[in-house]
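Q: Got a file for you: protein.txt, compact mmCIF, C-alpha atoms.
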# COMPACT_ATOMS: atom_id res chain seq x y z
CA MET K 3 -41.31 -2.08 4.52
CA VAL K 4 -44.64 -2.87 2.90
CA PRO K 5 -44.23 -5.39 0.03
CA GLN K 6 -45.98 -4.43 -3.16
CA GLY K 7 -49.17 -6.40 -3.80
CA THR K 8 -49.92 -7.57 -0.23
CA ARG K 9 -49.19 -6.76 3.39
CA GLU K 10 -49.08 -10.45 4.33
CA LYS K 11 -46.25 -11.54 2.02
CA PRO K 12 -43.45 -13.00 4.18
CA ILE K 13 -39.89 -11.67 3.79
CA ARG K 14 -37.58 -14.51 2.79
CA PRO K 15 -33.91 -14.44 3.87
CA ARG K 16 -31.42 -13.34 1.20
CA HIS K 17 -34.14 -12.50 -1.32
CA ALA K 18 -34.77 -9.02 -2.73
CA HIS K 19 -38.19 -7.58 -1.91
CA VAL K 20 -39.61 -4.47 -3.58
CA GLY K 21 -42.09 -2.33 -1.68
CA ASN K 22 -42.99 0.96 -0.05
CA ILE K 23 -40.93 2.13 2.90
CA VAL K 24 -43.30 3.73 5.40
CA HIS K 25 -42.75 5.67 8.60
CA PRO K 26 -42.90 3.34 11.66
CA GLN K 27 -45.16 5.82 13.47
CA ASP K 28 -47.42 6.56 10.48
CA ALA K 29 -48.17 3.77 7.98
CA GLU K 30 -49.78 6.27 5.60
CA ASN K 31 -46.53 8.23 5.32
CA VAL K 32 -44.67 6.58 2.40
CA LEU K 33 -41.03 7.65 2.54
CA ASP K 34 -39.80 5.90 -0.60
CA THR K 35 -40.18 2.82 -2.78
CA GLY K 36 -37.13 0.57 -2.59
CA VAL K 37 -35.66 -2.89 -2.11
CA ASN K 38 -34.85 -4.65 1.14
CA LEU K 39 -32.70 -7.67 1.86
CA TRP K 40 -32.96 -9.66 5.10
CA PHE K 41 -29.82 -11.50 6.33
CA PRO K 42 -30.43 -13.49 9.51
CA GLY K 43 -27.28 -14.25 11.46
CA PRO K 44 -24.88 -15.90 11.46
CA GLN K 45 -24.97 -15.89 7.64
CA SER K 46 -24.42 -12.16 7.28
CA PHE K 47 -21.54 -9.71 6.99
CA THR K 48 -21.42 -9.11 10.75
CA GLY K 49 -22.65 -12.55 11.84
CA GLU K 50 -25.70 -10.85 13.36
CA ASP K 51 -29.20 -10.23 12.00
CA MET K 52 -29.02 -7.53 9.31
CA LEU K 53 -31.55 -5.70 7.16
CA GLU K 54 -30.46 -3.68 4.12
CA PHE K 55 -32.57 -0.91 2.56
CA HIS K 56 -31.77 -0.03 -1.06
CA ILE K 57 -33.33 3.38 -1.61
CA HIS K 58 -33.13 6.36 -3.96
CA GLY K 59 -30.09 8.47 -3.19
CA GLY K 60 -31.56 11.93 -2.88
CA ASN K 61 -30.63 13.84 0.28
CA ALA K 62 -34.27 14.33 1.29
CA VAL K 63 -35.07 10.60 0.91
CA VAL K 64 -32.02 9.52 2.90
CA SER K 65 -32.67 12.07 5.65
CA SER K 66 -36.35 11.14 5.99
CA ILE K 67 -35.55 7.41 6.33
CA LEU K 68 -32.77 8.03 8.85
CA ASP K 69 -35.10 10.29 10.85
CA ALA K 70 -37.81 7.62 10.75
CA LEU K 71 -35.41 4.89 11.90
CA SER K 72 -34.28 7.07 14.81
CA THR K 73 -37.82 6.85 16.24
CA VAL K 74 -37.51 3.06 16.60
CA PRO K 75 -36.41 2.12 20.16
CA GLY K 76 -32.85 0.78 20.29
CA VAL K 77 -31.90 1.97 16.78
CA ARG K 78 -28.94 4.33 16.42
CA MET K 79 -26.35 5.38 13.82
CA ALA K 80 -23.40 3.02 13.52
CA GLU K 81 -20.02 4.31 14.58
CA ALA K 82 -17.07 4.45 12.16
CA GLY K 83 -16.17 0.90 11.18
CA GLU K 84 -18.72 -0.64 13.55
CA PHE K 85 -20.07 -3.21 11.09
CA SER K 86 -16.56 -4.43 10.36
CA ARG K 87 -15.71 -4.41 14.06
CA ARG K 88 -18.73 -6.63 14.78
CA ALA K 89 -17.73 -8.93 11.90
CA PHE K 90 -14.28 -9.26 13.48
CA ASP K 91 -15.71 -9.88 16.96
CA ASN K 92 -17.96 -12.61 15.53
CA ASP K 93 -15.06 -14.31 13.70
CA LYS K 94 -16.41 -13.40 10.26
CA MET K 95 -13.05 -11.95 9.22
CA ASP K 96 -9.54 -11.53 10.59
CA LEU K 97 -7.47 -8.39 11.07
CA THR K 98 -5.61 -8.63 7.74
CA THR K 99 -8.93 -8.95 5.90
CA LEU K 100 -10.23 -5.88 7.73
CA GLU K 101 -7.12 -3.97 6.70
CA GLY K 102 -7.77 -5.08 3.13
CA VAL K 103 -11.33 -3.71 3.31
CA SER K 104 -9.97 -0.40 4.63
CA ASP K 105 -7.40 -0.25 1.83
CA LEU K 106 -10.11 -1.06 -0.73
CA ILE K 107 -12.22 1.85 0.52
CA ASN K 108 -9.23 4.20 0.22
CA ALA K 109 -7.79 2.80 -3.04
CA GLU K 110 -7.19 5.51 -5.66
CA THR K 111 -5.54 3.54 -8.46
CA GLU K 112 -6.14 0.22 -10.20
CA ALA K 113 -2.99 -1.33 -8.73
CA GLN K 114 -4.05 -0.35 -5.21
CA ARG K 115 -7.55 -1.73 -5.82
CA LYS K 116 -6.24 -5.09 -7.05
CA LEU K 117 -3.88 -5.44 -4.09
CA ALA K 118 -6.62 -4.50 -1.62
CA VAL K 119 -9.09 -6.97 -3.15
CA ARG K 120 -6.61 -9.82 -2.77
CA GLN K 121 -6.07 -8.94 0.89
CA ALA K 122 -9.80 -8.35 1.55
CA HIS K 123 -10.50 -11.82 0.12
CA GLY K 124 -8.24 -13.38 2.74
CA GLU K 125 -5.11 -14.14 0.74
CA LEU K 126 -2.75 -12.81 3.43
CA PHE K 127 -4.78 -14.45 6.19
CA ARG K 128 -4.58 -17.89 4.59
CA MET K 129 -0.81 -17.59 4.24
CA TYR K 130 -0.12 -16.25 7.75
CA GLU K 131 -2.65 -18.56 9.40
CA GLY K 132 -1.09 -21.52 7.59
CA TRP K 133 2.28 -20.59 9.05
CA ARG K 134 0.77 -20.14 12.52
CA VAL K 135 -0.96 -23.52 12.40
CA LYS K 136 2.32 -25.13 11.33
CA MET K 137 4.04 -23.43 14.25
CA VAL K 138 1.40 -24.73 16.68
CA GLN K 139 1.93 -28.25 15.31
CA LEU K 140 5.68 -27.97 15.91
CA ARG K 141 5.02 -26.71 19.43
CA ALA K 142 2.73 -29.70 20.07
CA GLN K 143 5.47 -32.09 19.00
CA ILE K 144 7.99 -30.37 21.24
CA GLU K 145 5.59 -30.39 24.20
CA ALA K 146 4.96 -34.11 23.66
CA TYR K 147 8.71 -34.67 23.45
CA ILE K 148 9.18 -32.88 26.79
CA ASP K 149 6.39 -34.81 28.53
CA PHE K 150 6.93 -38.29 27.07
CA SER K 151 10.53 -38.39 25.80
CA GLU K 152 11.43 -41.23 28.15
CA GLU K 153 8.55 -43.40 27.00
CA GLU K 154 8.72 -45.79 24.10
CA ASN K 155 5.84 -44.24 22.14
CA ILE K 156 7.95 -41.20 21.15
CA GLU K 157 9.84 -41.82 17.92
CA ASP K 158 13.56 -41.16 17.68
CA GLY K 159 14.63 -37.98 15.93
CA VAL K 160 11.49 -35.99 16.76
CA TYR K 161 13.46 -32.97 17.95
CA THR K 162 15.69 -33.04 14.88
CA GLN K 163 12.67 -33.18 12.58
CA VAL K 164 11.04 -30.24 14.37
CA CYS K 165 14.25 -28.24 13.95
CA LEU K 166 14.27 -28.97 10.21
CA GLU K 167 10.63 -27.95 9.79
CA ALA K 168 11.18 -24.78 11.84
CA LYS K 169 14.14 -23.85 9.64
CA LYS K 170 12.07 -24.36 6.47
CA LEU K 171 9.38 -22.12 7.89
CA ALA K 172 11.94 -19.48 8.86
CA ASP K 173 13.39 -19.53 5.34
CA THR K 174 9.89 -19.08 3.87
CA ILE K 175 9.17 -16.10 6.13
CA ARG K 176 12.59 -14.60 5.41
CA ALA K 177 11.93 -14.82 1.65
CA HIS K 178 8.53 -13.15 2.19
CA LEU K 179 10.22 -10.30 4.06
CA ASN K 180 12.79 -9.86 1.32
CA ASP K 181 10.30 -8.24 -1.07
CA LYS K 182 11.92 -4.79 -1.44
CA ARG K 183 8.82 -3.29 0.25
CA GLN K 184 6.84 -4.02 -2.92
CA GLY K 185 3.41 -4.15 -1.30
CA GLU K 186 4.02 -1.23 1.04
CA ILE K 187 5.23 0.95 -1.82
CA LEU K 188 2.19 0.09 -3.94
CA ARG K 189 -0.16 0.75 -1.03
CA ASN K 190 1.38 4.11 -0.07
CA GLY K 191 2.51 5.23 -3.54
CA VAL K 192 5.78 5.03 -5.48
CA ALA K 193 7.92 8.05 -4.53
CA LEU K 194 9.31 10.01 -7.50
CA SER K 195 11.62 13.02 -7.05
CA ILE K 196 12.29 15.57 -9.78
CA VAL K 197 15.78 17.07 -9.41
CA GLY K 198 18.12 19.16 -11.53
CA PRO K 199 19.66 22.61 -11.96
CA PRO K 200 17.52 25.78 -11.58
CA ASN K 201 15.22 26.61 -14.52
CA SER K 202 15.57 23.14 -16.06
CA GLY K 203 11.79 22.70 -16.22
CA LYS K 204 11.16 20.73 -13.01
CA SER K 205 8.10 22.69 -11.89
CA THR K 206 6.70 22.75 -15.42
CA LEU K 207 7.02 18.97 -15.60
CA LEU K 208 5.24 18.57 -12.25
CA ASN K 209 2.38 20.79 -13.42
CA LYS K 210 2.07 18.81 -16.66
CA LEU K 211 2.01 15.53 -14.76
CA ALA K 212 -0.63 16.83 -12.35
CA GLN K 213 -2.56 18.61 -15.14
CA ARG K 214 -2.92 21.64 -12.87
CA GLN K 215 -0.82 24.42 -11.37
CA VAL K 216 0.84 22.69 -8.41
CA ALA K 217 4.17 24.54 -8.45
CA ILE K 218 5.06 28.14 -9.31
CA VAL K 219 6.88 28.44 -12.64
CA SER K 220 9.27 31.40 -12.98
CA PRO K 221 12.45 32.23 -14.93
CA ILE K 222 13.97 33.41 -11.65
CA ALA K 223 16.40 30.83 -10.29
CA GLY K 224 15.59 29.53 -6.82
CA THR K 225 11.79 29.96 -7.06
CA THR K 226 11.20 26.47 -5.63
CA ARG K 227 12.83 26.27 -2.22
CA ASP K 228 10.90 23.57 -0.41
CA ILE K 229 9.53 20.24 -1.65
CA VAL K 230 6.22 20.49 -3.53
CA GLU K 231 4.29 17.18 -3.59
CA THR K 232 1.30 15.77 -5.43
CA THR K 233 -0.16 12.27 -6.00
CA LEU K 234 -0.82 10.91 -9.49
CA ASP K 235 -2.04 7.79 -11.26
CA ILE K 236 0.47 6.56 -13.85
CA GLY K 237 -0.63 3.48 -15.75
CA GLY K 238 -2.87 2.46 -12.84
CA TYR K 239 -0.07 2.76 -10.28
CA PRO K 240 0.04 5.35 -7.46
CA LEU K 241 2.86 7.87 -7.85
CA VAL K 242 3.83 10.48 -5.25
CA VAL K 243 5.73 13.16 -7.21
CA ARG K 244 7.98 15.70 -5.49
CA ASP K 245 9.33 18.85 -7.14
CA THR K 246 12.52 20.04 -5.44
CA ALA K 247 14.78 23.09 -5.27
CA GLY K 248 17.18 23.65 -8.17
CA LEU K 249 20.66 22.31 -7.53
CA ARG K 250 23.42 24.90 -7.85
CA LYS K 251 26.76 25.36 -6.11
CA ALA K 252 26.96 28.82 -4.58
CA SER K 253 24.12 30.67 -2.95
CA SER K 254 24.12 33.27 -0.19
CA ASP K 255 20.51 32.41 0.61
CA VAL K 256 20.39 30.16 3.68
CA ILE K 257 16.81 29.09 2.94
CA GLU K 258 17.69 28.09 -0.64
CA MET K 259 20.69 26.08 0.58
CA GLU K 260 18.43 24.18 2.98
CA GLY K 261 16.06 23.54 0.07
CA ILE K 262 18.97 22.15 -1.98
CA ARG K 263 19.98 19.87 0.90
CA ARG K 264 16.40 18.58 1.14
CA ALA K 265 16.27 18.11 -2.64
CA VAL K 266 19.32 15.84 -2.64
CA GLU K 267 18.00 13.91 0.37
CA ALA K 268 14.57 13.44 -1.27
CA ALA K 269 16.20 12.19 -4.48
CA GLN K 270 18.38 9.71 -2.60
CA GLU K 271 15.39 8.32 -0.67
CA ALA K 272 13.00 8.23 -3.66
CA ASP K 273 11.98 5.04 -5.43
CA ILE K 274 12.31 6.74 -8.85
CA ARG K 275 14.18 9.88 -9.93
CA ILE K 276 13.82 12.21 -12.88
CA CYS K 277 16.96 14.31 -13.33
CA MET K 278 16.10 17.34 -15.47
CA VAL K 279 18.71 19.09 -17.61
CA ASP K 280 18.02 21.97 -20.02
CA ALA K 281 18.71 20.58 -23.51
CA GLN K 282 19.91 23.96 -24.77
CA GLN K 283 22.46 24.22 -21.97
CA ALA K 284 23.57 20.60 -22.18
CA LEU K 285 23.83 20.11 -25.96
CA CYS K 286 24.81 23.63 -27.00
CA ARG K 287 26.73 24.47 -23.81
CA THR K 288 25.32 28.01 -23.74
CA THR K 289 25.88 28.28 -19.97
CA GLU K 290 27.78 26.44 -17.25
CA THR K 291 24.63 25.53 -15.32
CA SER K 292 24.31 21.94 -16.51
CA ASP K 293 28.07 21.40 -16.44
CA SER K 294 28.30 22.53 -12.80
CA PHE K 295 25.45 20.19 -11.93
CA LEU K 296 27.20 17.23 -13.56
CA GLN K 297 30.59 18.09 -12.04
CA ASN K 298 29.28 17.90 -8.47
CA ALA K 299 30.11 14.38 -7.23
CA GLU K 300 27.07 14.10 -4.96
CA TRP K 301 24.67 15.27 -7.65
CA GLN K 302 26.38 13.21 -10.37
CA ALA K 303 25.88 10.11 -8.20
CA LEU K 304 22.11 10.61 -8.45
CA LEU K 305 22.30 9.95 -12.19
CA ASP K 306 23.80 6.51 -11.59
CA LEU K 307 21.14 5.28 -9.15
CA PRO K 308 18.72 2.60 -10.37
CA HIS K 309 15.23 3.68 -11.46
CA THR K 310 16.61 7.03 -12.65
CA PHE K 311 15.68 8.80 -15.88
CA VAL K 312 17.67 11.74 -17.26
CA VAL K 313 15.31 14.13 -19.03
CA LEU K 314 16.63 16.67 -21.53
CA SER K 315 13.95 19.36 -21.33
CA LYS K 316 12.92 22.30 -23.51
CA ILE K 317 14.01 20.65 -26.76
CA ASP K 318 11.56 22.94 -28.57
CA THR K 319 14.21 25.65 -28.11
CA LEU K 320 16.70 23.71 -30.27
CA LYS K 321 17.10 24.40 -33.96
CA ASP K 322 17.78 20.81 -35.02
CA VAL K 323 15.07 18.71 -33.36
CA ASP K 324 15.30 15.93 -35.96
CA GLY K 325 18.68 14.77 -34.70
CA ILE K 326 17.80 15.11 -31.04
CA GLN K 327 17.85 11.39 -30.24
CA ALA K 328 21.35 10.90 -31.65
CA ALA K 329 22.56 14.08 -29.96
CA ALA K 330 21.09 12.91 -26.64
CA ARG K 331 22.86 9.56 -26.89
CA ALA K 332 26.17 11.24 -27.74
CA TRP K 333 25.80 13.65 -24.81
CA ALA K 334 24.97 10.80 -22.41
CA LYS K 335 28.04 8.90 -23.58
CA SER K 336 30.27 11.93 -23.11
CA GLN K 337 28.94 12.38 -19.56
CA ARG K 338 29.21 8.64 -18.82
CA ILE K 339 25.50 8.44 -18.05
CA SER K 340 24.35 4.84 -18.15
CA ASN K 341 20.65 5.41 -17.37
CA GLN K 342 18.01 6.20 -19.98
CA VAL K 343 18.07 9.73 -21.45
CA VAL K 344 14.70 11.05 -22.63
CA PRO K 345 14.38 14.29 -24.65
CA ILE K 346 11.04 16.03 -24.05
CA SER K 347 9.25 19.32 -24.47
CA CYS K 348 6.47 20.37 -22.10
CA ALA K 349 5.56 23.09 -24.61
CA ASN K 350 4.68 20.87 -27.59
CA MET K 351 4.58 17.52 -25.67
CA PHE K 352 7.37 15.99 -27.75
CA GLY K 353 8.59 12.78 -26.07
CA TRP K 354 5.80 12.93 -23.49
CA GLU K 355 4.27 9.53 -24.30
CA SER K 356 7.71 7.91 -24.25
CA LEU K 357 8.44 9.27 -20.77
CA MET K 358 5.04 8.16 -19.43
CA GLN K 359 5.48 4.68 -20.88
CA LEU K 360 8.99 4.37 -19.43
CA LEU K 361 7.72 5.37 -15.99
CA ALA K 362 4.76 2.97 -16.12
CA ASP K 363 6.95 0.09 -17.35
CA ASP K 364 9.56 0.73 -14.66
CA ILE K 365 6.94 0.79 -11.89
CA ARG K 366 5.21 -2.32 -13.24
CA THR K 367 8.48 -4.25 -13.49
CA ALA K 368 9.79 -3.24 -10.07
CA TRP K 369 6.64 -3.12 -7.94
CA GLY K 370 3.78 -4.61 -9.94
CA THR K 371 2.18 -7.84 -8.77
CA SER K 372 0.21 -10.55 -10.51
CA VAL K 373 -2.38 -12.96 -9.21
CA ALA K 374 0.12 -15.79 -9.65
CA GLN K 375 2.62 -14.09 -7.32
CA GLN K 376 2.59 -14.50 -3.57
CA MET K 377 0.66 -11.73 -1.82
CA PRO K 378 3.25 -9.12 -0.75
CA LEU K 379 3.51 -7.37 2.60
CA THR K 380 1.30 -4.29 2.74
CA LYS K 381 1.76 -3.00 6.29
CA THR K 382 4.75 -2.05 8.41
CA ARG K 383 2.91 -3.72 11.28
CA HIS K 384 3.04 -7.08 9.47
CA ARG K 385 6.75 -6.68 8.81
CA GLN K 386 7.52 -5.96 12.47
CA HIS K 387 5.63 -9.02 13.73
CA LEU K 388 7.21 -11.27 11.09
CA GLN K 389 10.65 -10.04 12.11
CA GLN K 390 9.79 -10.83 15.74
CA CYS K 391 8.66 -14.29 14.63
CA LEU K 392 11.98 -14.81 12.83
CA GLU K 393 13.92 -13.75 15.92
CA HIS K 394 12.14 -16.43 17.95
CA LEU K 395 12.72 -19.06 15.25
CA ASP K 396 16.42 -18.17 14.98
CA ALA K 397 16.68 -18.39 18.77
CA PHE K 398 14.99 -21.81 18.67
CA GLU K 399 17.50 -23.01 16.08
CA SER K 400 20.42 -21.98 18.31
CA ILE K 401 19.07 -23.89 21.33
CA GLY K 402 20.32 -27.43 21.82
CA GLU K 403 18.20 -30.49 22.54
CA ASP K 404 19.29 -30.40 26.18
CA MET K 405 17.48 -27.03 26.54
CA VAL K 406 14.28 -28.19 24.85
CA VAL K 407 12.04 -26.37 27.36
CA LEU K 408 13.53 -23.04 26.31
CA GLY K 409 13.08 -24.08 22.69
CA ALA K 410 9.37 -24.66 23.26
CA GLU K 411 9.08 -21.15 24.68
CA GLU K 412 10.70 -19.67 21.58
CA LEU K 413 8.22 -21.52 19.35
CA ARG K 414 5.40 -20.17 21.52
CA GLY K 415 6.74 -16.63 21.02
CA ALA K 416 6.98 -17.17 17.26
CA SER K 417 3.37 -18.36 16.98
CA ARG K 418 2.17 -15.43 19.12
CA ALA K 419 3.96 -12.97 16.81
CA LEU K 420 2.10 -14.47 13.84
CA GLY K 421 -1.14 -14.42 15.82
CA ARG K 422 -0.81 -10.67 16.31
CA ILE K 423 -0.87 -10.15 12.54
CA THR K 424 -4.20 -11.90 12.01
CA GLY K 425 -5.70 -10.70 15.29
CA LYS K 426 -5.55 -13.89 17.32
CA VAL K 427 -3.75 -12.24 20.25
CA GLY K 428 -3.11 -8.79 21.75
CA ILE K 429 -4.41 -6.39 19.11
CA GLU K 430 -6.88 -4.03 20.86
CA ASP K 431 -4.73 -0.95 20.19
CA VAL K 432 -4.39 -1.94 16.53
CA LEU K 433 -8.16 -2.36 16.21
CA ASP K 434 -8.86 1.09 17.66
CA ALA K 435 -6.45 2.72 15.20
CA LEU K 436 -7.76 0.72 12.24
CA PHE K 437 -11.48 1.32 12.76
CA SER K 438 -10.93 5.05 13.22
CA GLU K 439 -9.92 5.14 9.52
CA PHE K 440 -13.19 3.54 8.30
CA CYS K 441 -16.11 5.53 6.98
CA ILE K 442 -19.19 5.84 9.16
CA GLY K 443 -20.99 2.51 9.43
CA LYS K 444 -18.67 0.35 7.34
What does the file become when written as structure tokens?
A:
Amino acid sequence: MVPQGTREKPIRPRHAHVGNIVHPQDAENVLDTGVNLWFPGPQSFTGEDMLEFHIHGGNAVVSSILDALSTVPGVRMAEAGEFSRRAFDNDKMDLTTLEGVSDLINAETEAQRKLAVRQAHGELFRMYEGWRVKMVQLRAQIEAYIDFSEEENIEDGVYTQVCLEAKKLADTIRAHLNDKRQGEILRNGVALSIVGPPNSGKSTLLNKLAQRQVAIVSPIAGTTRDIVETTLDIGGYPLVVRDTAGLRKASSDVIEMEGIRRAVEAAQEADIRICMVDAQQALCRTTETSDSFLQNAEWQALLDLPHTFVVLSKIDTLKDVDGIQAAARAWAKSQRISNQVVPISCANMFGWESLMQLLADDIRTAWGTSVAQQMPLTKTRHRQHLQQCLEHLDAFESIGEDMVVLGAEELRGASRALGRITGKVGIEDVLDALFSEFCIGK
């Protein structure tokens, strides 16, 4: 880097310097004009000396600079996640923060971005590390009690006080675990299954949601046999939408029957359900298709599950559209449907905004988070270690004062379980899996 104006101008740490970037083997070969930033360790992202080049983004410019750097002895391309790995090794960030950075890189919606930023900024680390430090303090008191319990400088009731504090901590962790998988669902996407009788408009709805042809639309019943899936952004929240086989009673097709079984299973396991019913069939009773769907006990039970919306589709085929809302309410009452009924048309988009708003509001209410709320769990790995921690704390609570040595061991196990979350102990296999997901260099 040759600073503009003079070759003798010193490069100051953490200051931007504009100049020509020249080839290290040929000072007359100007590769680009850009900005560099010098970060001497340990005050850098990795904790080591770092130099950043801010250059023009053309392929030829990037390639020429990378080729030039490769001629410098000891310089090589970073491996996937290597900068973050070095930052972890140099205690610049913990494992939960690294996971937050990874999630931030892969975030596709606003809700995912916000959650990842909170984790990348150390919110989970501060909470878990606070619990671990508290656990270590309790262990220290127990160890002192074991070593000096017969001496006068140990206060009475120390063991009882430790038990009370351990129980408080266990209750806090238990409440954190009881979050209905809020963070994990937001991170991986809210699962929505579209179910209903054949030809009720399920595939058409999926295509409208995705704004592209994801599923085949055909008047032939049984066209969709397996689950068709796509990922969407609804109101800033990630939504994994699954179109399923049409539900009908009798079919000689073994493949279709397997598709129906999978459809019911997907709907039962989903976070949100849209049950589609043809408005013409339901309100005018032109066929028995919708009636047979509602008369099946297993399928009818889907309509009563929470986070379920009953959609009356194809209302553009009705003659009296003006009275559709009243007719929909009357039909829902007659079928004893307690969940929201939404009349829509994918042809003229009637009721479309109402359905989108209902979905966004339901997701926000059930799984949305605010800055004021405690940071939710985002990884199954965290949940498993916290459950192990709770097992040790519950075991400690069941141990009497006469077995205090065993109690100390349970507290040690609890603190180690928390340490595995933040990367304090035994996490080499986790690191290898995590860094393999990073982009090259980061």
Q: One decimal, in Å: what's the spacing between atom CA of Ala113 of chain K and atom CA of Gly370 of chain K?
A: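 For atom CA of Ala113 of chain K relative to atom CA of Gly370 of chain K, the distance reads 7.6 Å.
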Q: Just how far from atom CA of Ile67 of chain K is atom CA of Val24 of chain K, in Å to one decimal?
A: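 So the two atoms, atom CA of Val24 of chain K and atom CA of Ile67 of chain K, lie 8.6 Å apart.
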Q: For each of K:Glu54, K:Asp318, K:Glu145, K:Glu81, take the minimum atom-to-atom distance to Leu408 of chain K, counting only C-alpha atoms, then give the residue where this is smallest.
A: K:Glu145
Q: Ser336 of chain K: which residues within 12 Å, counting all atoms listed in the file, same-chain residues fewer than 3 positions away excluded, as a PyMOL selection string?
A: chain K and resi 284-285+293+296+329-333+339-340
Q: Write out the residues from the selection above, keeping C-alpha atoms, as a JSON list (two decimals), in the coordinates of the input.
A:
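Once everything was written out, this is part20.json:
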[["chain", "number", "residue", "atom", "x", "y", "z"],
["K", 284, "ALA", "CA", 23.57, 20.60, -22.18],
["K", 285, "LEU", "CA", 23.83, 20.11, -25.96],
["K", 293, "ASP", "CA", 28.07, 21.40, -16.44],
["K", 296, "LEU", "CA", 27.20, 17.23, -13.56],
["K", 329, "ALA", "CA", 22.56, 14.08, -29.96],
["K", 330, "ALA", "CA", 21.09, 12.91, -26.64],
["K", 331, "ARG", "CA", 22.86, 9.56, -26.89],
["K", 332, "ALA", "CA", 26.17, 11.24, -27.74],
["K", 333, "TRP", "CA", 25.80, 13.65, -24.81],
["K", 339, "ILE", "CA", 25.50, 8.44, -18.05],
["K", 340, "SER", "CA", 24.35, 4.84, -18.15]]
Q: Of the residues K:Gly132, K:Gly185, K:Gly248, K:Gly238, which is the one nearest to Pro200 of chain K, using all atoms listed in the file?
A: K:Gly248
Q: Grab the atom CA of Thr367 of chain K to atom CA of Ala122 of chain K distance for me, in Å with one decimal place.
A: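 Computed distance, atom CA of Thr367 of chain K to atom CA of Ala122 of chain K, equals 24.0 Å.
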Q: Could you pull the residues within 9 Å of Glu403 of chain K, counting all atoms listed in the file, minus those fewer than 6 positions along the same chain, as a PyMOL selection string?
A: chain K and resi 161-162+409
Q: Counting only C-alpha atoms, find residues at most 12 Å from (-5.9, -14.4, -3.6) (file frame) and give them as a ChimeraX atom specification.
A: /K:99,102,116-129,371-378
Q: I need the residue nearest Asn209 of chain K from this list: K:Ile262, K:Val138, K:Ala349, K:Ala281. Use all atoms listed in the file for the distance.
A: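 Of K:Ile262, K:Val138, K:Ala349, K:Ala281, the one nearest Asn209 of chain K is K:Ala349, counting all atoms listed in the file.
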Q: So that I can check the surroundings of Gly203 of chain K, please list as a ChimeraX atom specification every protein, DNA and RNA residue that reaches within 7 Å of it, counting only C-alpha atoms and ignoring chain neighbours fewer than 2 positions away.
A: /K:201,205-207,278,315
Q: Check the smallest atom-to-atom distance from each of K:Ala410, K:Val344, K:Leu392, K:Ile423 to Lys170 of chain K using all atoms listed in the file, then report the winner.
A: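 The shortest atom-to-atom distance to Lys170 of chain K comes from K:Leu392.
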Q: Just checking: using all atoms listed in the file, which residue out of K:Val266, K:Leu179, K:Val192, K:Leu208 ends up closest to His387 of chain K?
A: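 Between K:Val266, K:Leu179, K:Val192, K:Leu208, the residue approaching His387 of chain K most closely is K:Leu179.
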Q: Could you tell me which of K:Gly36, K:Pro42, K:Val243, K:Met95 comes closest to Val64 of chain K if we count all atoms listed in the file?
A: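 Among the listed residues, the smallest separation from Val64 of chain K belongs to K:Gly36.
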Q: With all atoms listed in the file counted, which protein, DNA or RNA residues have an atom no more than 6 Å from (15.2, 11.5, -6.2) in the file frame? Please answer as a VMD selection string.
A: chain K and resid 195 268 to 270 272 275
Q: Could those residues be written to a file, using C-alpha atoms, as a tab-separated table (two decimals), keeping the file's coordinate frame?
A:
chain	number	residue	atom	x	y	z
K	195	SER	CA	11.62	13.02	-7.05
K	268	ALA	CA	14.57	13.44	-1.27
K	269	ALA	CA	16.20	12.19	-4.48
K	270	GLN	CA	18.38	9.71	-2.60
K	272	ALA	CA	13.00	8.23	-3.66
K	275	ARG	CA	14.18	9.88	-9.93
